[in-house]
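A.B. asks: So that we are looking at the same thing, I have put the structure below in structure tokens.
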Amino acid sequence: MRAETLALRDSYSAKGDGTPGGRVQQDIGWSHHNASLTALNVAEDRLCFGRIDTTDGESMHIGRMGMFEEGASDRQLLMDWRAPSARPFYVATAAHPLGLLRRRHLRIRRRRLESLSDEFLDVSAEALQRAGISPDEVAATSGLAGESALMTALNAPRTGRMSDIVETIQSEQDTIIRSERNGVLVVQGGPGTGKTAVALHRAAYLLYTFREQLASRGVLLIGPNRTFLSYIGQVLPSLGENAVVLSTLGDLFPGVSATAADRPEVARIKGRRSMAGMVANALLDRQRMPKTAVVIESGLGRLVLQPEDLKRAQDRGWAGRIPHNRARAAVVRYLLRRLARQVKERQTSGLGGEIPFTAEDMAQVVADLREDEAVQSALHGLWPLMTAQRLLSDLYASPRRLAFAAPDLQERARDLLHREPGAPWTISDVPLLDEAAELLGEPRLADQAEAERVAAREYAQGVLDMLNDGQDETDQPLLSMISAADLAALREEQVTLSSTAERAAQDREWTYGHVVVDEAQELSPMAWRMVIRRCPARSMTLVGDIAQTSDPSGATSWDRALRPHVGDRWRLAELTVNYRTPLEISRVADRVLRRIDRTLQPPEAVRSTGVQPWWQEVSPEKLADATVHAVRDELPPGGQEHLAVLVPYALRDELADALRAGHGDLTDRVVVLTVPEAKGLEFDVVILVEPDRIEDESPRGLGDVYVALTRATQRLGVLWTGRQPRIAR
Ligand SMILES: Nc1ncnc2c1ncn2[C@@H]1O[C@H](COP(=O)(O)OP(=O)(O)OP(=O)(O)O)[C@@H](O)[C@H]1O
């Protein structure tokens with residue numbers, strides 16, 4: 001299949017008749033076959049990982065993709081793990097065998113079978129006899145599907161990159177992965193319960209099951225930070241899926257790339273829902289008209305706009321409730337006409353109506369006024385064309401504007417919002433920028449260059465229609481990914497065809513077929529507004545853990561966070577088993593969870609390592625040395641394990657220097673991270689430094705300590721100075 005696909009793809013490199021239409025077809029063909037080839041290449045390793053045998057003697061192999069025998073028989077050789085008939089592989093139990101006699105896990109590397117393990121699900125003597133299996137072969141079954149394969153995966157050293165769990169998805173996870181596409185699904189689960197893994201596999205499942213609907217719109221996955229996105233970045237491609245846009249909240253607004261966080265008290269204000277009102281008022285402020293006449297010394301003489309002209313222009317701007325920049329055309333048109341009338345009156349007065357002033361004359365005057373610098377500057381002052389960045393930047397910089405836009409905010413809170421123009425945008429600014437962009441809208445295409453581009457686009461639309469006519473159905477989703485604008489650009493040789501994912505990421509107004517949010521508990525009310533805008537159909541999967549909230553404006557309850565956006569139209573699914581943290585570490589974390597909220601149920605650890613966490617007090621001047629020693633003890637040379645030192649902000653750089661470690665590349669064996677940076681990640685070993693300082697550093701500090709304690713898959717050590725940490729008492 002690979003050889004055939006490769007040959008097909010390469011045939012498109014040579015084809016082509018040099019015409020724009022021909023080149024487009026060539027590019028489409030090439031991209032299509034290239035995507036298939038990538039999917040085949042990634043499926044090469046561990047192509048097949050399971051087999052199910054039914055009690056009536058049938059058997060079927062399960063793998064990363066579906067495959068059929070060539071020729072007349074058309075027999076299915078391999079079933080895609082996402083197909084409905086593969087489901088028993090994941091959910092059958094001895095109590096509910098779903099017609100299965102045996103589930104087999106195969107461990108294949110490249111084309112070599114390394115090991116296999118069997119579970120018998122129907123252990124009745126009759127079934128075993130029919131299948132020719134002796135009762136001795138039947139192992140004791142636990143509640144876990146494919147327990148030995150699962151334990152092998154869980155005990156394997158981490159690599160700094162998340163891997164897929166397609167071979168060992170558990171029943172409660174499978175139910176969520178295959179849950180209905182429509183509506184808002186919230187997946188609540190403690191640390192290590194596989195929320196991220198489930199979210200990613202659900203995206204792959206949805207893309208497989210609803211390919212037609214989703215391929216052209218794409219799926220958006222939002223994660224807490226870029227390190228996290230690079231940690232999970234390989235999972236979907238390894239499942240053969242590339243039509244997913246991964247983004248942080250800070251990168252969701254095209255043109256801005258925010259990584260810095262505000263101080264907690266500032267972030268809390270910016271996250272409030274009332275900020276939407278502030279942004280709307282800030283714009284209203286810009287649309288206010290002077291109460292006195294505006295005098296313009298134009299090239300056509302001195303012109304005056306009276307307050308009633310200004311009021312009428314404003315009414316035209318507000319009519320139809322269209323966004324500010326789009327409404328500008330109506331405001332400008334009206335004001336230009338008022339000015340043109342004055343010019344007309346001046347030119348025709350005293351002529352006794354002998355020289356007619358025709359419609360063409362009027363149009364010419366309007367055109368001249370439009371080009372006039374003094375007129376342009378006056379119109380700009382009255383109804384400026386604005387970007388979201390400009391609106392927000394001007395607002396933050398001016399106490400007067402802030403006082404107008406946020407009259408209910410206390411002065412101290414308004415002072416906290418002050419920002420010098422040009423300072424970098426923060427993550428909590430991004431939802432406010434998005435809010436502003438929504439109210440501003442894209443400007444109308446006015447100038448000549450734009451008009452030419454429109455003409456090119458219309459031409460390209462013709463080409464697109466022509467191509468669509470001649471396509472067979474299977475190619476439809478691909479074609480719908482290319483807009484007339486792309487074709488026009490292609491014609492200009494400006495860009496090559498981009499994938500749905502790339503196009504979507506560059507377009508603020510793009511709406512996705514499905515949106516997945518990881519660590520969703522961290523979203524502020526303003527961030528929710530931005531995210532929901534990306535999916536008006538509200539087909540969303542939100543995964544998170546209320547107990548791990550660390551953002552000062554994050555959620556304390558799913559209901560409170562979601563009610564303003566979806567009312568009670570969301571469904572909850574819970575994950576209850578902790579696959580990451582061994583029992584010995586979980587006991588410490590569970591104590592912290594009880595302090596956060598007594599009513600929360602800790603997830604149940606699925607395995608034990610026999611290694612207790614260690615605790616060590618050191619004097620403040622020895623902290624760096626002690627950390628270096630502890631890391632050395634934990635990671636003997638030649639091993640493969642990965643270790644994270646989790647620290648308070650204030651110690652990050654000092655300890656990173658002492659350890660000569662970084663904090664961006666998770667494939668390094670040692671990294672030094674603050675807790676927010678370690679969100680969603682995991683390591684073989686964690687050394688937690690000064691937990692009390694971490695707790696005291698932020699308003700949700702205890703949540704941070706809980707996150708820190710639940711990052712290790714094997715061992716945990718705690719170093720502190722001064723009083724014994726609260727988590728040890
Ligand atoms: N069914 C499974 N088979 C194999 N590994 C699994 C399975 N479920 C979860 N895991 C592993 O458990 C670990 C924790 O999973 P994941 O990171 O998805 O948890 P999480 O709930 O998102 O945690 P957190 O809330 O801490 O971010 C990962 O290494 C994941 O691969």
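Please note that chains go A, B, ... in the order of the structure tokens, that every chain numbers its residues from 1, and that ligands are numbered from 1 in the order shown.
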Name the residues in contact with Gln364 of chain A at a cut-off of 12 Å, using only C-alpha atoms, excluding same-chain residues fewer than 5 positions from it; report them as number ranges by chain.

C.D. replies: A: 336-337, 340-341, 343-344, 357-359, 369-371

A.B. asks: Give me, as a PyMOL selection string, all polymer residues having an atom no more than 10 Å from Asn578 of chain A, counting only C-alpha atoms and skipping those fewer than 2 positions away in the same chain.

C.D. replies: chain A and resi 189-194+575-576+580-583+586+602-607+710

A.B. asks: Could you list, as a ChimeraX atom specification, all protein and nucleic acid residues with an atom at most 9 Å from ligand 1, counting only C-alpha atoms and all ligand atoms?

C.D. replies: /A:145,149-154,158,162-171,173-174,188-200,518-519,543-545,548,575,577-581,679-683,707,710-711,713

A.B. asks: Mind writing the picked residues with N, CA and C atoms as a short mmCIF file (atom, residue, chain, number, x, y, z; two decimals), in the first residue's frame?

C.D. replies:
data_model
loop_
_atom_site.label_atom_id
_atom_site.label_comp_id
_atom_site.auth_asym_id
_atom_site.auth_seq_id
_atom_site.Cartn_x
_atom_site.Cartn_y
_atom_site.Cartn_z
N ALA A 145 -8.66 -4.23 31.66
CA ALA A 145 -8.58 -4.91 30.37
C ALA A 145 -7.12 -4.97 29.95
N ALA A 149 -0.43 -5.95 29.52
CA ALA A 149 -0.02 -4.93 28.53
C ALA A 149 -0.11 -3.55 29.17
N LEU A 150 -1.15 -3.32 29.96
CA LEU A 150 -1.33 -2.02 30.61
C LEU A 150 -0.18 -1.74 31.58
N MET A 151 0.16 -2.75 32.41
CA MET A 151 1.24 -2.54 33.39
C MET A 151 2.58 -2.30 32.69
N THR A 152 2.80 -3.02 31.59
CA THR A 152 4.06 -2.79 30.85
C THR A 152 4.12 -1.34 30.40
N ALA A 153 2.98 -0.84 29.88
CA ALA A 153 2.96 0.56 29.40
C ALA A 153 3.17 1.52 30.56
N LEU A 154 2.53 1.26 31.68
CA LEU A 154 2.60 2.21 32.80
C LEU A 154 3.97 2.21 33.47
N ARG A 158 9.53 7.07 31.14
CA ARG A 158 8.96 8.16 30.33
C ARG A 158 10.02 8.67 29.35
N MET A 162 4.51 12.34 25.27
CA MET A 162 3.40 11.45 25.57
C MET A 162 3.21 10.46 24.43
N SER A 163 2.83 9.21 24.77
CA SER A 163 2.55 8.29 23.67
C SER A 163 1.09 7.89 23.70
N ASP A 164 0.64 7.28 22.59
CA ASP A 164 -0.79 6.94 22.54
C ASP A 164 -1.05 5.72 23.43
N ILE A 165 -2.33 5.53 23.79
CA ILE A 165 -2.70 4.41 24.66
C ILE A 165 -3.65 3.47 23.93
N VAL A 166 -3.57 3.52 22.60
CA VAL A 166 -4.57 2.85 21.79
C VAL A 166 -4.64 1.34 22.07
N GLU A 167 -3.51 0.79 22.57
CA GLU A 167 -3.50 -0.65 22.79
C GLU A 167 -4.19 -1.04 24.09
N THR A 168 -4.29 -0.10 25.02
CA THR A 168 -4.75 -0.50 26.35
C THR A 168 -5.83 0.42 26.92
N ILE A 169 -6.59 1.08 26.04
CA ILE A 169 -7.68 1.94 26.52
C ILE A 169 -8.59 1.12 27.44
N GLN A 170 -8.96 1.71 28.58
CA GLN A 170 -9.81 0.99 29.53
C GLN A 170 -11.28 1.32 29.29
N SER A 171 -12.13 0.48 29.84
CA SER A 171 -13.56 0.58 29.51
C SER A 171 -14.15 1.96 29.79
N GLN A 173 -12.71 4.73 29.92
CA GLN A 173 -12.12 5.69 28.98
C GLN A 173 -12.75 5.54 27.59
N ASP A 174 -12.94 4.27 27.20
CA ASP A 174 -13.51 4.00 25.87
C ASP A 174 -14.90 4.61 25.73
N GLN A 188 -14.42 14.96 33.98
CA GLN A 188 -13.79 15.32 35.25
C GLN A 188 -13.02 14.09 35.74
N GLY A 189 -11.80 14.30 36.18
CA GLY A 189 -11.03 13.18 36.71
C GLY A 189 -9.82 13.69 37.45
N GLY A 190 -9.41 12.97 38.45
CA GLY A 190 -8.23 13.35 39.22
C GLY A 190 -6.98 13.23 38.37
N PRO A 191 -5.83 13.59 38.95
CA PRO A 191 -4.58 13.52 38.20
C PRO A 191 -4.27 12.10 37.76
N GLY A 192 -3.75 11.96 36.55
CA GLY A 192 -3.30 10.65 36.08
C GLY A 192 -4.41 9.71 35.67
N THR A 193 -5.64 10.20 35.59
CA THR A 193 -6.73 9.29 35.22
C THR A 193 -6.85 9.14 33.70
N GLY A 194 -5.96 9.81 32.98
CA GLY A 194 -5.95 9.65 31.52
C GLY A 194 -6.82 10.66 30.80
N LYS A 195 -7.09 11.80 31.43
CA LYS A 195 -7.96 12.79 30.77
C LYS A 195 -7.35 13.28 29.45
N THR A 196 -6.05 13.61 29.51
CA THR A 196 -5.40 14.09 28.28
C THR A 196 -5.40 12.99 27.23
N ALA A 197 -5.04 11.80 27.66
CA ALA A 197 -5.00 10.68 26.72
C ALA A 197 -6.39 10.48 26.10
N VAL A 198 -7.42 10.52 26.92
CA VAL A 198 -8.78 10.31 26.44
C VAL A 198 -9.18 11.43 25.48
N ALA A 199 -8.83 12.66 25.83
CA ALA A 199 -9.19 13.80 24.97
C ALA A 199 -8.57 13.62 23.58
N LEU A 200 -7.30 13.19 23.54
CA LEU A 200 -6.62 13.03 22.25
C LEU A 200 -7.22 11.88 21.44
N ASP A 518 -8.12 21.03 27.16
CA ASP A 518 -7.48 20.28 28.25
C ASP A 518 -7.19 21.26 29.38
N GLU A 519 -7.15 20.76 30.60
CA GLU A 519 -6.99 21.62 31.79
C GLU A 519 -8.05 22.72 31.73
N VAL A 543 -11.90 18.70 29.28
CA VAL A 543 -11.38 17.79 30.29
C VAL A 543 -10.62 18.57 31.35
N GLY A 544 -10.74 18.16 32.58
CA GLY A 544 -10.05 18.89 33.64
C GLY A 544 -10.35 18.32 35.01
N ASP A 545 -9.82 19.01 35.99
CA ASP A 545 -9.97 18.56 37.37
C ASP A 545 -10.12 19.80 38.24
N GLN A 548 -7.47 20.75 40.68
CA GLN A 548 -6.14 21.20 40.25
C GLN A 548 -6.14 22.64 39.77
N LEU A 575 -13.67 10.05 35.35
CA LEU A 575 -12.63 9.02 35.31
C LEU A 575 -12.16 8.82 36.75
N VAL A 577 -9.80 6.13 37.88
CA VAL A 577 -8.62 5.31 38.18
C VAL A 577 -7.36 6.10 37.84
N ASN A 578 -6.43 6.13 38.76
CA ASN A 578 -5.17 6.86 38.55
C ASN A 578 -4.12 5.91 37.96
N TYR A 579 -3.76 6.15 36.71
CA TYR A 579 -2.80 5.26 36.05
C TYR A 579 -1.36 5.74 36.25
N ARG A 580 -1.20 6.96 36.71
CA ARG A 580 0.15 7.52 36.77
C ARG A 580 0.83 7.29 38.11
N THR A 581 0.24 7.83 39.15
CA THR A 581 0.95 7.87 40.43
C THR A 581 0.80 6.57 41.19
N LYS A 679 2.11 21.54 34.63
CA LYS A 679 0.69 21.12 34.49
C LYS A 679 0.52 20.12 33.38
N GLY A 680 -0.11 19.01 33.66
CA GLY A 680 -0.43 18.04 32.63
C GLY A 680 0.73 17.14 32.23
N LEU A 681 1.95 17.40 32.78
CA LEU A 681 3.11 16.61 32.38
C LEU A 681 3.36 15.49 33.39
N GLU A 682 4.26 14.58 33.03
CA GLU A 682 4.64 13.56 34.00
C GLU A 682 6.09 13.15 33.79
N PHE A 683 6.69 12.63 34.86
CA PHE A 683 8.10 12.28 34.88
C PHE A 683 8.25 11.00 35.68
N VAL A 707 -0.93 19.38 42.36
CA VAL A 707 -0.45 19.08 41.00
C VAL A 707 0.99 18.55 41.08
N THR A 710 1.51 14.96 42.11
CA THR A 710 0.91 13.91 41.27
C THR A 710 1.57 13.83 39.89
N ARG A 711 2.82 14.26 39.76
CA ARG A 711 3.50 14.23 38.46
C ARG A 711 4.38 13.00 38.26
N THR A 713 5.69 9.08 38.06
CA THR A 713 5.19 7.73 37.80
C THR A 713 5.92 6.70 38.66
#

A.B. asks: Need the shell around segment 553-562 of chain A: protein/DNA/RNA residues with any atom at most 7 Å away, counting only C-alpha atoms. Skip same-chain ones fewer than 5 positions apart. Format as a PDB file with C-alpha atoms, in the first residue's frame?

C.D. replies:
ATOM      1  CA  ALA A 267      -5.311  38.163  36.005  1.00  0.00           C
ATOM      2  CA  ARG A 268      -8.302  37.862  38.301  1.00  0.00           C
ATOM      3  CA  GLY A 271     -10.743  37.194  33.706  1.00  0.00           C
ATOM      4  CA  GLN A 521     -10.663  24.205  34.857  1.00  0.00           C
ATOM      5  CA  GLU A 522      -8.104  26.978  34.267  1.00  0.00           C
ATOM      6  CA  LEU A 523     -10.284  29.003  31.892  1.00  0.00           C
ATOM      7  CA  SER A 524     -11.574  32.331  33.144  1.00  0.00           C
ATOM      8  CA  PRO A 525     -15.086  33.519  32.225  1.00  0.00           C
ATOM      9  CA  ILE A 546     -11.583  21.135  39.620  1.00  0.00           C
ATOM     10  CA  GLY A 567     -26.942  26.685  30.692  1.00  0.00           C
TER      11      GLY A 567
END

A.B. asks: Grab the atom CA of Met65 of chain A to atom CA of Ser31 of chain A distance for me, in Å with one decimal place.

C.D. replies: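 For atom CA of Met65 of chain A relative to atom CA of Ser31 of chain A, the distance reads 19.7 Å.
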
A.B. asks: So that I can see what lies close to Trp570 of chain A, please list as a list of chain:residue names the residues with an atom at most 7 Å from it, counting only C-alpha atoms and leaving out residues fewer than 4 positions away in the same chain.

C.D. replies: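 The filter keeps A:Gly183, A:Val184, A:Leu185.
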
A.B. asks: Can you list, as a PyMOL selection string, every residue of segment 96-290 of chain A that DSSP puts in strand (DSSP E)?

C.D. replies: chain A and resi 100-109+112-120+184-189+219-223+244-248

A.B. asks: Counting only C-alpha atoms, which residue out of A:Ile269, A:Thr609, A:Tyr334, A:Ser124 sits closest to Gln410 of chain A?

C.D. replies: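 Result for the nearest residue to Gln410 of chain A: A:Ile269.
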
A.B. asks: May I ask for the distance between atom CA of Pro620 of chain A and atom CA of Val670 of chain A, given in Å to one decimal place?

C.D. replies: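 If I compute the distance from atom CA of Pro620 of chain A to atom CA of Val670 of chain A, I get 22.0 Å.
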
A.B. asks: So how far away is atom CA of Glu641 of chain A from atom CA of Asp684 of chain A, in Å?

C.D. replies: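 These atoms are spaced 5.9 Å apart.
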
A.B. asks: Hey, which of A:Ser398, A:Thr227, A:Ser349, A:Thr209 ends up closest to Leu673 of chain A? Count only C-alpha atoms.

C.D. replies: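 Looking only at the distances to Leu673 of chain A, the closest residue turns out to be A:Thr227.
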
A.B. asks: DSSP on the backbone: what in segment 56-158 of chain A comes out alpha helix (DSSP H), as a PyMOL selection string?

C.D. replies: chain A and resi 87-91+125-131+147-155
